[in-house]
Amino acid sequence: MTISFEEFMKVDIRVGEITRAEPFPEARKPAFKLWVDFGPDLGVKKSSAQITRHYDVETLRGRRVLAVVNFPPRQIGPVMSEILVLGVPDEDGEVVLLKPDKDVPIGGRMF
């Protein structure tokens, strides 16, 4: 399936910085609760992520990530997820987070 450039541009992917991460023991699969700061225009958004294989709460704080910020909020157990933090699977199917390879301002939109 192909999409048009206009359809792609509807997906708002931004750079955010994880400011807080906590274990999410209520999740069905091991996960963390994340708070991601997207700067003054969008503020801090909450999500959950099944990223416990490669990350821990201490190393997540301060990490820059890419996330979709314009999906409708989704209830995941007791957490209302406001964003989708993006990642790709490693050779074992475990999530590796996507991040910019240079220092860029938070809130920057992908294009």
# chains A, B, ... in the order shown; residues from 1 in each chain; ligands from 1

$ select_by_dssp --residues "chain A" --states "alpha helix (DSSP H)" --output "NGL selection string"
:A and (5-9 or 57-60)

$ write_last_selection --atoms "C-alpha atoms" --output "JSON list (two decimals), in the first residue's frame"
[["chain", "number", "residue", "atom", "x", "y", "z"],
["A", 5, "PHE", "CA", 2.95, 12.83, 0.72],
["A", 6, "GLU", "CA", -0.03, 14.80, 2.04],
["A", 7, "GLU", "CA", -1.18, 11.73, 4.00],
["A", 8, "PHE", "CA", 2.31, 11.27, 5.43],
["A", 9, "MET", "CA", 2.44, 14.91, 6.52],
["A", 57, "VAL", "CA", 14.50, 3.99, 34.31],
["A", 58, "GLU", "CA", 17.83, 5.59, 35.20],
["A", 59, "THR", "CA", 19.24, 5.56, 31.65],
["A", 60, "LEU", "CA", 15.98, 6.73, 30.05]]

$ select_by_dssp --residues "chain A" --states "strand (DSSP E)" --output "PyMOL selection string"
chain A and resi 13-23+32-37+44-49+64-68+74-76+79-81+84-85+87-89+95-97

$ atom_distance --atom1 "atom CA of Asp41 of chain A" --atom2 "atom CA of Pro78 of chain A"
26.2 Å

$ residues_around --residues "Thr52 of chain A" --least-positions-apart "4" --cutoff "10 Å" --atoms "only C-alpha atoms" --output "PyMOL selection string"
chain A and resi 23+29-32+56-57+94-96

$ closest_residue --among "A:Arg53, A:Pro72, A:Val85, A:Asp12" --to "Trp35 of chain A" --atoms "only C-alpha atoms"
A:Val85

$ residues_around --residues "segment 61-69 of chain A" --least-positions-apart "4" --cutoff "7 Å" --atoms "only C-alpha atoms" --output "MDAnalysis selection string"
chainID A and resid 11:21 57 83:86 97:99

$ write_last_selection --atoms "N, CA, C and O atoms" --output "PDB file, in the first residue's frame"
ATOM      1  N   VAL A  11       0.913  12.822   9.839  1.00  0.00           N
ATOM      2  CA  VAL A  11       1.523  12.178  11.005  1.00  0.00           C
ATOM      3  C   VAL A  11       2.538  13.149  11.599  1.00  0.00           C
ATOM      4  O   VAL A  11       3.519  13.505  10.959  1.00  0.00           O
ATOM      5  N   ASP A  12       2.281  13.595  12.810  1.00  0.00           N
ATOM      6  CA  ASP A  12       3.134  14.581  13.475  1.00  0.00           C
ATOM      7  C   ASP A  12       4.144  13.863  14.361  1.00  0.00           C
ATOM      8  O   ASP A  12       3.814  13.406  15.453  1.00  0.00           O
ATOM      9  N   ILE A  13       5.376  13.735  13.881  1.00  0.00           N
ATOM     10  CA  ILE A  13       6.451  13.073  14.615  1.00  0.00           C
ATOM     11  C   ILE A  13       7.403  14.142  15.123  1.00  0.00           C
ATOM     12  O   ILE A  13       7.926  14.936  14.343  1.00  0.00           O
ATOM     13  N   ARG A  14       7.608  14.144  16.436  1.00  0.00           N
ATOM     14  CA  ARG A  14       8.427  15.180  17.081  1.00  0.00           C
ATOM     15  C   ARG A  14       9.543  14.576  17.919  1.00  0.00           C
ATOM     16  O   ARG A  14       9.458  13.441  18.368  1.00  0.00           O
ATOM     17  N   VAL A  15      10.540  15.398  18.174  1.00  0.00           N
ATOM     18  CA  VAL A  15      11.627  15.048  19.092  1.00  0.00           C
ATOM     19  C   VAL A  15      11.203  15.461  20.491  1.00  0.00           C
ATOM     20  O   VAL A  15      10.765  16.599  20.711  1.00  0.00           O
ATOM     21  N   GLY A  16      11.325  14.530  21.418  1.00  0.00           N
ATOM     22  CA  GLY A  16      11.043  14.827  22.816  1.00  0.00           C
ATOM     23  C   GLY A  16      12.161  14.313  23.693  1.00  0.00           C
ATOM     24  O   GLY A  16      13.001  13.517  23.265  1.00  0.00           O
ATOM     25  N   GLU A  17      12.166  14.784  24.931  1.00  0.00           N
ATOM     26  CA  GLU A  17      13.166  14.328  25.904  1.00  0.00           C
ATOM     27  C   GLU A  17      12.443  13.671  27.070  1.00  0.00           C
ATOM     28  O   GLU A  17      11.531  14.267  27.662  1.00  0.00           O
ATOM     29  N   ILE A  18      12.846  12.446  27.376  1.00  0.00           N
ATOM     30  CA  ILE A  18      12.243  11.740  28.505  1.00  0.00           C
ATOM     31  C   ILE A  18      12.686  12.421  29.790  1.00  0.00           C
ATOM     32  O   ILE A  18      13.882  12.521  30.072  1.00  0.00           O
ATOM     33  N   THR A  19      11.717  12.922  30.555  1.00  0.00           N
ATOM     34  CA  THR A  19      12.032  13.609  31.804  1.00  0.00           C
ATOM     35  C   THR A  19      11.793  12.735  33.024  1.00  0.00           C
ATOM     36  O   THR A  19      12.315  13.003  34.097  1.00  0.00           O
ATOM     37  N   ARG A  20      10.995  11.675  32.824  1.00  0.00           N
ATOM     38  CA  ARG A  20      10.662  10.791  33.942  1.00  0.00           C
ATOM     39  C   ARG A  20      10.328   9.418  33.380  1.00  0.00           C
ATOM     40  O   ARG A  20       9.694   9.317  32.327  1.00  0.00           O
ATOM     41  N   ALA A  21      10.758   8.377  34.075  1.00  0.00           N
ATOM     42  CA  ALA A  21      10.435   7.002  33.697  1.00  0.00           C
ATOM     43  C   ALA A  21      10.217   6.210  34.983  1.00  0.00           C
ATOM     44  O   ALA A  21      10.961   6.375  35.953  1.00  0.00           O
ATOM     45  N   VAL A  57      15.030   2.642  34.016  1.00  0.00           N
ATOM     46  CA  VAL A  57      14.498   3.985  34.309  1.00  0.00           C
ATOM     47  C   VAL A  57      15.603   5.022  34.479  1.00  0.00           C
ATOM     48  O   VAL A  57      15.417   6.180  34.110  1.00  0.00           O
ATOM     49  N   ILE A  83       0.945   9.665  23.492  1.00  0.00           N
ATOM     50  CA  ILE A  83       1.880   9.666  22.361  1.00  0.00           C
ATOM     51  C   ILE A  83       2.294   8.226  22.055  1.00  0.00           C
ATOM     52  O   ILE A  83       2.101   7.329  22.876  1.00  0.00           O
ATOM     53  N   LEU A  84       2.903   8.037  20.897  1.00  0.00           N
ATOM     54  CA  LEU A  84       3.489   6.748  20.546  1.00  0.00           C
ATOM     55  C   LEU A  84       4.988   6.963  20.352  1.00  0.00           C
ATOM     56  O   LEU A  84       5.416   7.604  19.383  1.00  0.00           O
ATOM     57  N   VAL A  85       5.771   6.486  21.310  1.00  0.00           N
ATOM     58  CA  VAL A  85       7.225   6.569  21.215  1.00  0.00           C
ATOM     59  C   VAL A  85       7.653   5.522  20.188  1.00  0.00           C
ATOM     60  O   VAL A  85       7.214   4.378  20.227  1.00  0.00           O
ATOM     61  N   LEU A  86       8.525   5.921  19.259  1.00  0.00           N
ATOM     62  CA  LEU A  86       8.869   5.062  18.133  1.00  0.00           C
ATOM     63  C   LEU A  86      10.137   4.252  18.368  1.00  0.00           C
ATOM     64  O   LEU A  86      11.095   4.729  18.967  1.00  0.00           O
ATOM     65  N   LEU A  97      14.765   2.122  20.721  1.00  0.00           N
ATOM     66  CA  LEU A  97      14.186   3.436  20.485  1.00  0.00           C
ATOM     67  C   LEU A  97      14.849   4.174  19.329  1.00  0.00           C
ATOM     68  O   LEU A  97      16.069   4.066  19.133  1.00  0.00           O
ATOM     69  N   LEU A  98      14.033   4.935  18.595  1.00  0.00           N
ATOM     70  CA  LEU A  98      14.558   5.814  17.552  1.00  0.00           C
ATOM     71  C   LEU A  98      14.913   7.153  18.171  1.00  0.00           C
ATOM     72  O   LEU A  98      14.176   7.673  19.019  1.00  0.00           O
ATOM     73  N   LYS A  99      16.049   7.714  17.743  1.00  0.00           N
ATOM     74  CA  LYS A  99      16.473   9.005  18.273  1.00  0.00           C
ATOM     75  C   LYS A  99      17.267   9.736  17.203  1.00  0.00           C
ATOM     76  O   LYS A  99      17.849   9.108  16.310  1.00  0.00           O
TER      77      LYS A  99
END

$ atom_distance --atom1 "atom CA of Lys33 of chain A" --atom2 "atom CA of Ser48 of chain A"
4.4 Å

$ closest_residue --among "A:Val88, A:Met1, A:Asn70, A:Lys102" --to "Leu42 of chain A" --atoms "only C-alpha atoms"
A:Asn70

$ residues_around --residues "Arg28 of chain A" --least-positions-apart "2" --cutoff "10 Å" --atoms "only C-alpha atoms" --output "number ranges by chain"
A: 24-26, 30-31, 50, 76-77

$ write_last_selection --atoms "N, CA, C and O atoms" --output "JSON list (two decimals), in the first residue's frame"
[["chain", "number", "residue", "atom", "x", "y", "z"],
["A", 24, "PHE", "N", 6.19, -0.06, 35.26],
["A", 24, "PHE", "CA", 4.75, -0.17, 35.01],
["A", 24, "PHE", "C", 4.34, -1.61, 35.32],
["A", 24, "PHE", "O", 4.08, -2.41, 34.41],
["A", 25, "PRO", "N", 4.29, -1.97, 36.62],
["A", 25, "PRO", "CA", 4.04, -3.36, 37.00],
["A", 25, "PRO", "C", 2.64, -3.86, 36.62],
["A", 25, "PRO", "O", 2.43, -5.06, 36.49],
["A", 26, "GLU", "N", 1.69, -2.96, 36.40],
["A", 26, "GLU", "CA", 0.33, -3.36, 36.04],
["A", 26, "GLU", "C", 0.21, -3.79, 34.58],
["A", 26, "GLU", "O", -0.80, -4.38, 34.17],
["A", 30, "PRO", "N", 6.18, -6.63, 30.32],
["A", 30, "PRO", "CA", 7.06, -5.67, 31.00],
["A", 30, "PRO", "C", 7.15, -4.34, 30.24],
["A", 30, "PRO", "O", 7.37, -4.32, 29.03],
["A", 31, "ALA", "N", 6.95, -3.26, 30.99],
["A", 31, "ALA", "CA", 6.92, -1.93, 30.36],
["A", 31, "ALA", "C", 7.31, -0.87, 31.38],
["A", 31, "ALA", "O", 7.38, -1.12, 32.58],
["A", 50, "GLN", "N", 7.09, -0.80, 25.98],
["A", 50, "GLN", "CA", 7.63, -2.13, 26.29],
["A", 50, "GLN", "C", 9.10, -2.16, 25.85],
["A", 50, "GLN", "O", 9.46, -2.75, 24.84],
["A", 76, "ILE", "N", -4.20, 2.43, 28.32],
["A", 76, "ILE", "CA", -3.40, 1.20, 28.42],
["A", 76, "ILE", "C", -3.34, 0.85, 29.90],
["A", 76, "ILE", "O", -2.54, 1.41, 30.65],
["A", 77, "GLY", "N", -4.24, -0.02, 30.31],
["A", 77, "GLY", "CA", -4.37, -0.32, 31.74],
["A", 77, "GLY", "C", -4.74, 0.96, 32.47],
["A", 77, "GLY", "O", -5.61, 1.71, 32.02]]

$ atom_distance --atom1 "atom CA of Pro105 of chain A" --atom2 "atom CA of Arg74 of chain A"
26.7 Å

$ closest_residue --among "A:Glu22, A:Val36, A:Thr2, A:Asp90" --to "Gly107 of chain A" --atoms "only C-alpha atoms"
A:Val36
